[in-house]
Structure formats: structure tokens, C-alpha cells
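Enquirer: So here's model02.txt (compact mmCIF, C-alpha atoms).
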```txt
# COMPACT_ATOMS: atom_id res chain seq x y z
CA MET A 1488 -17.99 -38.40 76.24
CA MET A 1489 -16.28 -36.21 78.77
CA SER A 1490 -12.49 -36.25 78.96
CA ASN A 1491 -10.10 -36.92 81.81
CA ASN A 1492 -8.70 -33.57 80.76
CA LYS A 1493 -10.56 -30.79 82.53
CA LEU A 1494 -9.76 -27.96 80.13
CA LEU A 1495 -9.13 -27.37 76.45
CA VAL A 1496 -6.40 -24.75 75.97
CA LEU A 1497 -6.07 -23.14 72.52
CA ILE A 1498 -2.95 -21.05 71.96
CA ASP A 1499 -2.12 -18.41 69.38
CA ILE A 1500 1.36 -18.24 67.79
CA ASP A 1501 2.39 -14.76 66.63
CA GLY A 1502 2.83 -12.26 69.44
CA THR A 1503 1.92 -14.91 72.00
CA LEU A 1504 4.67 -17.53 71.78
CA ILE A 1505 7.01 -16.09 69.17
CA LYS A 1506 7.84 -12.98 67.20
CA SER A 1507 8.33 -14.05 63.60
CA GLY A 1508 9.87 -10.78 62.46
CA LEU A 1509 9.51 -9.24 59.02
CA THR A 1510 9.98 -12.39 56.95
CA PRO A 1511 6.27 -13.36 56.72
CA ARG A 1512 5.33 -9.85 55.62
CA LYS A 1513 8.10 -9.72 53.01
CA ALA A 1514 7.19 -13.18 51.70
CA LEU A 1515 3.53 -12.25 51.35
CA LYS A 1516 4.35 -8.96 49.62
CA GLN A 1517 6.58 -10.83 47.19
CA ALA A 1518 3.92 -13.48 46.52
CA ILE A 1519 1.25 -10.85 45.85
CA PHE A 1520 3.56 -8.90 43.55
CA GLU A 1521 4.64 -11.99 41.59
CA ILE A 1522 1.06 -13.12 41.00
CA THR A 1523 -0.79 -9.82 40.56
CA GLY A 1524 1.98 -7.46 39.46
CA CYS A 1525 0.84 -5.03 42.16
CA PRO A 1526 3.17 -3.75 44.90
CA VAL A 1527 1.60 -3.61 48.38
CA THR A 1528 2.51 -2.35 51.82
CA PHE A 1529 1.31 -3.70 55.15
CA GLU A 1530 0.85 -2.07 58.52
CA ASP A 1531 0.71 -3.97 61.81
CA ASN A 1532 -2.92 -3.09 62.46
CA HIS A 1533 -3.82 -4.62 59.10
CA LEU A 1534 -2.21 -7.95 60.01
CA ALA A 1535 -2.29 -8.64 63.75
CA GLY A 1536 -4.91 -11.19 64.74
CA LEU A 1537 -6.17 -11.77 61.20
CA THR A 1538 -6.06 -15.07 59.33
CA ASP A 1539 -3.74 -15.49 56.35
CA PRO A 1540 -6.66 -15.94 53.91
CA LEU A 1541 -8.41 -12.84 55.24
CA ILE A 1542 -5.25 -10.73 54.90
CA ILE A 1543 -4.95 -11.87 51.29
CA THR A 1544 -8.64 -11.22 50.58
CA ASN A 1545 -8.49 -7.76 52.15
CA THR A 1546 -5.42 -6.92 50.11
CA LEU A 1547 -6.99 -8.08 46.85
CA ASN A 1548 -10.07 -5.99 47.64
CA GLN A 1549 -7.89 -2.93 48.19
CA LEU A 1550 -6.21 -3.60 44.86
CA GLY A 1551 -9.57 -3.90 43.14
CA LEU A 1552 -8.99 -7.57 42.40
CA GLY A 1553 -11.31 -9.08 44.97
CA LEU A 1554 -14.17 -9.95 42.64
CA LYS A 1555 -12.15 -12.02 40.20
CA ASP A 1556 -12.99 -15.72 40.37
CA ASP A 1557 -9.64 -17.04 39.22
CA GLY A 1558 -8.24 -18.71 42.31
CA LEU A 1559 -6.00 -15.75 43.11
CA PRO A 1560 -6.17 -16.12 46.92
CA THR A 1561 -5.12 -19.78 46.80
CA LYS A 1562 -2.31 -19.07 44.32
CA ILE A 1563 -1.00 -16.27 46.52
CA LEU A 1564 -1.22 -18.34 49.70
CA ASN A 1565 0.64 -21.26 48.13
CA ARG A 1566 3.34 -19.01 46.70
CA TYR A 1567 3.68 -17.19 50.03
CA LEU A 1568 4.24 -20.49 51.84
CA GLU A 1569 6.91 -21.49 49.30
CA ILE A 1570 8.83 -18.25 49.72
CA PHE A 1571 8.35 -18.23 53.48
CA SER A 1572 9.61 -21.81 53.89
CA TRP A 1573 12.84 -20.85 52.10
CA ASP A 1574 13.49 -17.56 53.87
CA TYR A 1575 12.30 -18.04 57.44
CA PRO A 1576 14.80 -20.59 58.82
CA ALA A 1577 17.68 -18.11 58.36
CA ALA A 1578 15.72 -15.00 59.41
CA PRO A 1579 17.75 -13.11 62.05
CA ASP A 1580 14.81 -11.24 63.59
CA LYS A 1581 12.63 -14.17 64.68
CA LYS A 1582 12.56 -14.95 68.40
CA ILE A 1583 10.72 -16.89 71.06
CA TYR A 1584 9.27 -14.78 73.85
CA PRO A 1585 10.67 -15.21 77.37
CA GLY A 1586 8.54 -17.63 79.36
CA ALA A 1587 6.89 -19.24 76.34
CA ILE A 1588 8.55 -22.63 76.81
CA GLU A 1589 7.96 -22.45 80.55
CA LEU A 1590 4.27 -21.79 79.89
CA LEU A 1591 3.97 -24.78 77.57
CA ASP A 1592 5.93 -27.03 79.92
CA TYR A 1593 3.67 -25.96 82.79
CA LEU A 1594 0.48 -26.60 80.81
CA LYS A 1595 1.78 -30.07 79.93
CA THR A 1596 1.75 -30.92 83.66
CA LEU A 1597 -1.97 -30.10 83.93
CA PRO A 1598 -5.04 -32.15 82.95
CA VAL A 1599 -5.56 -30.10 79.79
CA ARG A 1600 -5.71 -30.81 76.06
CA MET A 1601 -3.48 -28.36 74.20
CA GLY A 1602 -4.12 -27.15 70.69
CA LEU A 1603 -3.15 -24.30 68.40
CA LEU A 1604 -5.62 -21.63 67.37
CA THR A 1605 -3.94 -19.40 64.83
CA GLY A 1606 -4.65 -17.34 61.75
CA ASN A 1607 -1.65 -18.93 60.07
CA ALA A 1608 -2.20 -21.56 57.44
CA LYS A 1609 -1.22 -24.93 58.91
CA ARG A 1610 1.98 -25.11 56.86
CA GLY A 1611 2.87 -21.57 57.90
CA ALA A 1612 2.36 -22.46 61.56
CA GLN A 1613 4.66 -25.46 61.21
CA ILE A 1614 7.33 -23.32 59.55
CA LYS A 1615 7.12 -20.65 62.26
CA LEU A 1616 7.29 -23.05 65.21
CA ALA A 1617 9.90 -25.48 63.84
CA PRO A 1618 13.04 -23.45 64.66
CA PHE A 1619 11.99 -23.30 68.31
CA GLY A 1620 10.87 -26.91 68.68
CA LEU A 1621 7.35 -25.87 69.70
CA TRP A 1622 5.20 -27.91 67.31
CA ARG A 1623 5.62 -31.00 69.49
CA TYR A 1624 3.70 -29.44 72.37
CA PHE A 1625 0.37 -29.45 70.55
CA ASP A 1626 -2.02 -32.35 70.08
CA PHE A 1627 -3.90 -30.70 67.22
CA GLY A 1628 -4.73 -27.28 65.82
CA VAL A 1629 -7.16 -25.08 63.94
CA PHE A 1630 -5.71 -22.76 61.33
CA GLY A 1631 -6.47 -19.92 58.97
CA ASP A 1632 -6.89 -22.32 56.08
CA ASP A 1633 -9.59 -24.15 58.07
CA ASN A 1634 -11.68 -20.97 58.11
CA ALA A 1635 -10.77 -17.39 57.20
CA ASN A 1636 -13.00 -16.10 60.03
CA ARG A 1637 -11.04 -16.39 63.28
CA ASN A 1638 -14.23 -16.42 65.34
CA GLU A 1639 -15.26 -19.70 63.69
CA LEU A 1640 -12.06 -21.50 64.69
CA PRO A 1641 -13.03 -22.34 68.31
CA ARG A 1642 -16.12 -24.21 67.12
CA LEU A 1643 -13.95 -26.09 64.66
CA ALA A 1644 -11.58 -26.90 67.52
CA LEU A 1645 -14.42 -28.45 69.52
CA ARG A 1646 -15.37 -30.58 66.53
CA LYS A 1647 -11.78 -31.62 65.86
CA VAL A 1648 -11.09 -32.57 69.46
CA HIS A 1649 -14.21 -34.71 69.48
CA GLU A 1650 -13.27 -36.41 66.21
CA LEU A 1651 -9.64 -36.98 67.16
CA PHE A 1652 -9.91 -37.81 70.85
CA SER A 1653 -13.62 -38.45 71.52
CA GLU A 1654 -13.55 -35.56 73.99
CA SER A 1655 -16.19 -32.91 74.63
CA TYR A 1656 -15.71 -29.62 76.43
CA PRO A 1657 -18.35 -27.04 77.41
CA PRO A 1658 -17.38 -23.55 76.23
CA ASN A 1659 -16.55 -22.32 79.74
CA LYS A 1660 -13.89 -25.03 79.96
CA VAL A 1661 -12.07 -23.73 76.88
CA ILE A 1662 -9.26 -21.21 77.35
CA ILE A 1663 -7.87 -19.14 74.48
CA ILE A 1664 -4.40 -17.71 75.05
CA GLY A 1665 -3.44 -14.85 72.73
CA ASP A 1666 -2.11 -11.32 72.47
CA THR A 1667 -4.63 -9.22 70.52
CA VAL A 1668 -8.18 -8.00 70.93
CA HIS A 1669 -9.06 -10.41 68.11
CA ASP A 1670 -8.09 -13.35 70.32
CA LEU A 1671 -10.19 -11.91 73.13
CA ILE A 1672 -13.26 -11.30 70.98
CA CYS A 1673 -12.83 -14.77 69.48
CA ALA A 1674 -13.14 -16.19 73.00
CA LYS A 1675 -16.05 -13.95 74.01
CA VAL A 1676 -18.28 -14.64 71.00
CA ASN A 1677 -17.83 -18.36 71.67
CA GLN A 1678 -18.49 -17.95 75.42
CA MET A 1679 -14.98 -19.14 76.23
CA GLN A 1680 -12.37 -17.73 78.60
CA SER A 1681 -9.24 -15.85 77.61
CA VAL A 1682 -5.71 -15.18 78.81
CA ILE A 1683 -4.20 -12.20 77.01
CA VAL A 1684 -0.52 -11.21 77.09
CA VAL A 1685 -0.05 -7.52 76.21
CA ARG A 1686 2.94 -7.27 73.87
CA ARG A 1687 2.03 -3.86 72.50
CA PRO A 1688 1.23 -1.14 75.10
CA GLU A 1689 -0.86 0.78 72.56
CA TRP A 1690 -3.26 -2.17 72.39
CA ARG A 1691 -3.79 -2.35 76.14
CA LEU A 1692 -6.84 -0.09 76.43
CA SER A 1693 -8.79 -1.86 73.70
CA ILE A 1694 -7.95 -5.22 75.30
CA GLU A 1695 -8.91 -4.05 78.79
CA ALA A 1696 -12.22 -2.72 77.45
CA GLN A 1697 -13.18 -6.28 76.43
CA LYS A 1698 -12.37 -7.61 79.94
CA PRO A 1699 -10.29 -10.76 79.50
CA GLU A 1700 -10.40 -13.23 82.37
CA LEU A 1701 -6.64 -12.76 82.83
CA LEU A 1702 -4.34 -10.07 81.44
CA VAL A 1703 -0.56 -10.24 81.87
CA GLU A 1704 2.38 -8.21 80.61
CA SER A 1705 4.53 -11.26 79.99
CA PHE A 1706 4.86 -14.93 80.86
CA VAL A 1707 7.76 -13.94 83.11
CA PRO A 1708 7.03 -14.41 85.91
CA LEU A 1709 4.66 -17.29 85.19
CA GLU A 1710 3.02 -17.26 88.63
CA PRO A 1711 -0.04 -15.16 87.66
CA VAL A 1712 -0.89 -17.67 84.93
CA GLN A 1713 -0.20 -20.62 87.21
CA ASN A 1714 -2.35 -19.19 89.99
CA TRP A 1715 -5.20 -18.52 87.58
CA PHE A 1716 -5.16 -22.03 86.14
CA GLU A 1717 -4.94 -23.64 89.55
CA LYS A 1718 -8.17 -21.89 90.56
CA LEU A 1719 -9.90 -23.39 87.52
CA LEU A 1720 -8.77 -26.97 88.13
```
Transcribe the structure of this file into C-alpha cells.
Expert:
Amino acid sequence: MMSNNKLLVLIDIDGTLIKSGLTPRKALKQAIFEITGCPVTFEDNHLAGLTDPLIITNTLNQLGLGLKDDGLPTKILNRYLEIFSWDYPAAPDKKIYPGAIELLDYLKTLPVRMGLLTGNAKRGAQIKLAPFGLWRYFDFGVFGDDNANRNELPRLALRKVHELFSESYPPNKVIIIGDTVHDLICAKVNQMQSVIVVRRPEWRLSIEAQKPELLVESFVPLEPVQNWFEKLL
């Protein structure tokens, strides 16, 4: 059945709503080292927009451990979440981006269903959002541990929203809000619309080349986002 809500809005976490700092990276490096004995380094372009399971799989492949069928990815993910849950609450470099709460408060006034679409494992997403009180804004979510391929997550979101709320949305009524070209491509391959906030100037050209429906520098001021949504509703 169709919903009283006119749009489904799926929102990314890292780089979109919050900056989680170096703690996730350090926790994952520690988990990989503890379980494999191999030290690793990460660069931003190896992490941004990717799901947690895919980051782990890519790393194991680089270490020459990707073909082992011994549950390594799951062991690493679980250990990472343990370490991360201990270290993140006190991390001094995490922050919420200006305008993020205002964006979520604004969307809550609209006839939209709000969900998370993130490469984080569900537990990781909860840990990241908890210090800022943001988890409560979302009715449901799709996560990296639902599918390691980010481009599959929107289809899972449509299934989940139907199962949970008996709601159906055509793809052109689904909006993905994110900050990387991965979020944008994720929307495009699923014939959905995208709102992209450019947090890293060096990513701007690749994002512009994919032609998001709306591109902003920040959620402050919020008016460009508000005006865009009001035209859709």
C-alpha cells in the first residue's frame, strides 16, 4: 500500500551528520592486528563511502589473507566493535556537523519516512550516533552488515520499510542524503534522487560529474535543502 508519507529519506552518517574522528580507524587497525598479526595503514580514499565489511575484505585481500575460509572478516568486525565501543565515547575529535540537528528536525516536520543508509555495521552506527542523541530520529536503517555492497542497501531499505510499516515508495520518491560520490552512485544505480553535502573540496569535481539533484557546501544555511524538499512535496 502507499504511505501517507510522500518520501523516503535515507541518510548517511560519517561525513554527512557527524565526523567520528580517528577512533574508528584506530580500532579497526587494532582489531586487524590482534587477529591477523599484520599491521595495516588506512587512507581516507580507502575508507570513505565503503561498508565496514568491504573495508575489512579489501584489507585482508591486500594482506594476502582474503581467500582463507576461517571466519576472519566476522572475527575482525566483532573485535573492532568491541574496541570501538570502549574508546569512542571519550574520543576528543568526534563532532556533529553544524546544521545536522536542524536538518533532522526539519525533516521530522515533513511527510517523510526517515531511515539510515550507512556502511557502518548496525552496532557501529549506534555507537557513533549515541553521544549526539541522533539515533532517535530514525525509524529504521540499512547497514553494512546487511550487505557489504552499498549499492544493494537502497533495495533492502525498500523491503524493510514495507515489512516494518507496510509502506511502498517508487524509486523517484526516495532521497539519499550523503557526502561522497559513493552515496551519489548508490542513488543513481537505484534510480533514486540524491542530496550531497561536499565536506571535502577535493571530492567536488567527481561529485559534480555525477550530477546530484542537489549539492550543498553545508547544512548551514538550511534554506537550499528546505527549498528543494518543498518543491518535491
Enquirer: State, in Å with one decimal place, the distance from atom CA of Leu1701 of chain A to atom CA of Val1682 of chain A.
Expert: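 Taking atom CA of Leu1701 of chain A and atom CA of Val1682 of chain A, their separation equals 4.8 Å.
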Enquirer: Give me the residues near Pro1641 of chain A as a PyMOL selection string, where near means some atom within 9 Å (using only C-alpha atoms) and where sequence neighbours in that chain fewer than 2 positions away do not count.
Expert: chain A and resi 1497+1604+1629+1637-1639+1643-1646+1661+1663+1673-1674+1677+1679
Enquirer: Identify, on the basis of only C-alpha atoms, every residue whose closest approach to segment 1578-1580 of chain A does not exceed 8 Å; exclude the query and any residue fewer than 6 positions from it along the same chain; express the result as a list in words.
Expert: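 Residues meeting the cut-off are Ser1507, Gly1508, Leu1509 and Thr1510 of chain A.
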Enquirer: At what distance in Å, to one decimal, does atom CA of Phe1627 of chain A lie from atom CA of Pro1598 of chain A?
Expert: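 Calculated distance between atom CA of Pro1598 of chain A and atom CA of Phe1627 of chain A is 15.8 Å.
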Enquirer: Report the distance between atom CA of Ala1696 of chain A and atom CA of Thr1605 of chain A in Å, rounded to one decimal place.
Expert: 22.5 Å
Enquirer: Save segment 1658-1672 of chain A to disk from that block, N, CA and C atoms included, as a PDB file, in the first residue's frame.
Expert:
```pdb
ATOM      1  N   PRO A1658      11.026   4.415  -6.718  1.00  0.00           N
ATOM      2  CA  PRO A1658      12.404   4.896  -6.565  1.00  0.00           C
ATOM      3  C   PRO A1658      12.545   6.408  -6.628  1.00  0.00           C
ATOM      4  N   ASN A1659      11.758   7.081  -7.482  1.00  0.00           N
ATOM      5  CA  ASN A1659      11.924   8.538  -7.603  1.00  0.00           C
ATOM      6  C   ASN A1659      11.397   9.301  -6.399  1.00  0.00           C
ATOM      7  N   LYS A1660      10.815   8.580  -5.446  1.00  0.00           N
ATOM      8  CA  LYS A1660      10.353   9.197  -4.200  1.00  0.00           C
ATOM      9  C   LYS A1660      11.278   8.844  -3.028  1.00  0.00           C
ATOM     10  N   VAL A1661      12.441   8.329  -3.361  1.00  0.00           N
ATOM     11  CA  VAL A1661      13.452   8.008  -2.346  1.00  0.00           C
ATOM     12  C   VAL A1661      14.621   8.971  -2.503  1.00  0.00           C
ATOM     13  N   ILE A1662      15.010   9.602  -1.399  1.00  0.00           N
ATOM     14  CA  ILE A1662      16.103  10.575  -1.393  1.00  0.00           C
ATOM     15  C   ILE A1662      17.228  10.026  -0.531  1.00  0.00           C
ATOM     16  N   ILE A1663      18.431   9.977  -1.087  1.00  0.00           N
ATOM     17  CA  ILE A1663      19.611   9.579  -0.324  1.00  0.00           C
ATOM     18  C   ILE A1663      20.441  10.827  -0.038  1.00  0.00           C
ATOM     19  N   ILE A1664      20.698  11.068   1.234  1.00  0.00           N
ATOM     20  CA  ILE A1664      21.499  12.219   1.658  1.00  0.00           C
ATOM     21  C   ILE A1664      22.856  11.704   2.126  1.00  0.00           C
ATOM     22  N   GLY A1665      23.929  12.171   1.480  1.00  0.00           N
ATOM     23  CA  GLY A1665      25.269  11.705   1.824  1.00  0.00           C
ATOM     24  C   GLY A1665      26.328  12.731   1.489  1.00  0.00           C
ATOM     25  N   ASP A1666      27.588  12.294   1.515  1.00  0.00           N
ATOM     26  CA  ASP A1666      28.684  13.246   1.318  1.00  0.00           C
ATOM     27  C   ASP A1666      29.734  12.769   0.325  1.00  0.00           C
ATOM     28  N   THR A1667      29.617  11.564  -0.211  1.00  0.00           N
ATOM     29  CA  THR A1667      30.646  11.063  -1.122  1.00  0.00           C
ATOM     30  C   THR A1667      30.033  10.677  -2.464  1.00  0.00           C
ATOM     31  N   VAL A1668      30.902  10.463  -3.432  1.00  0.00           N
ATOM     32  CA  VAL A1668      30.432  10.008  -4.736  1.00  0.00           C
ATOM     33  C   VAL A1668      29.814   8.623  -4.629  1.00  0.00           C
ATOM     34  N   HIS A1669      30.199   7.851  -3.610  1.00  0.00           N
ATOM     35  CA  HIS A1669      29.587   6.535  -3.402  1.00  0.00           C
ATOM     36  C   HIS A1669      28.107   6.653  -3.062  1.00  0.00           C
ATOM     37  N   ASP A1670      27.760   7.659  -2.253  1.00  0.00           N
ATOM     38  CA  ASP A1670      26.349   7.895  -1.923  1.00  0.00           C
ATOM     39  C   ASP A1670      25.567   8.272  -3.179  1.00  0.00           C
ATOM     40  N   LEU A1671      26.185   9.096  -4.004  1.00  0.00           N
ATOM     41  CA  LEU A1671      25.556   9.573  -5.226  1.00  0.00           C
ATOM     42  C   LEU A1671      25.343   8.437  -6.225  1.00  0.00           C
ATOM     43  N   ILE A1672      26.361   7.626  -6.422  1.00  0.00           N
ATOM     44  CA  ILE A1672      26.239   6.494  -7.340  1.00  0.00           C
ATOM     45  C   ILE A1672      25.216   5.492  -6.818  1.00  0.00           C
TER      46      ILE A1672
END
```
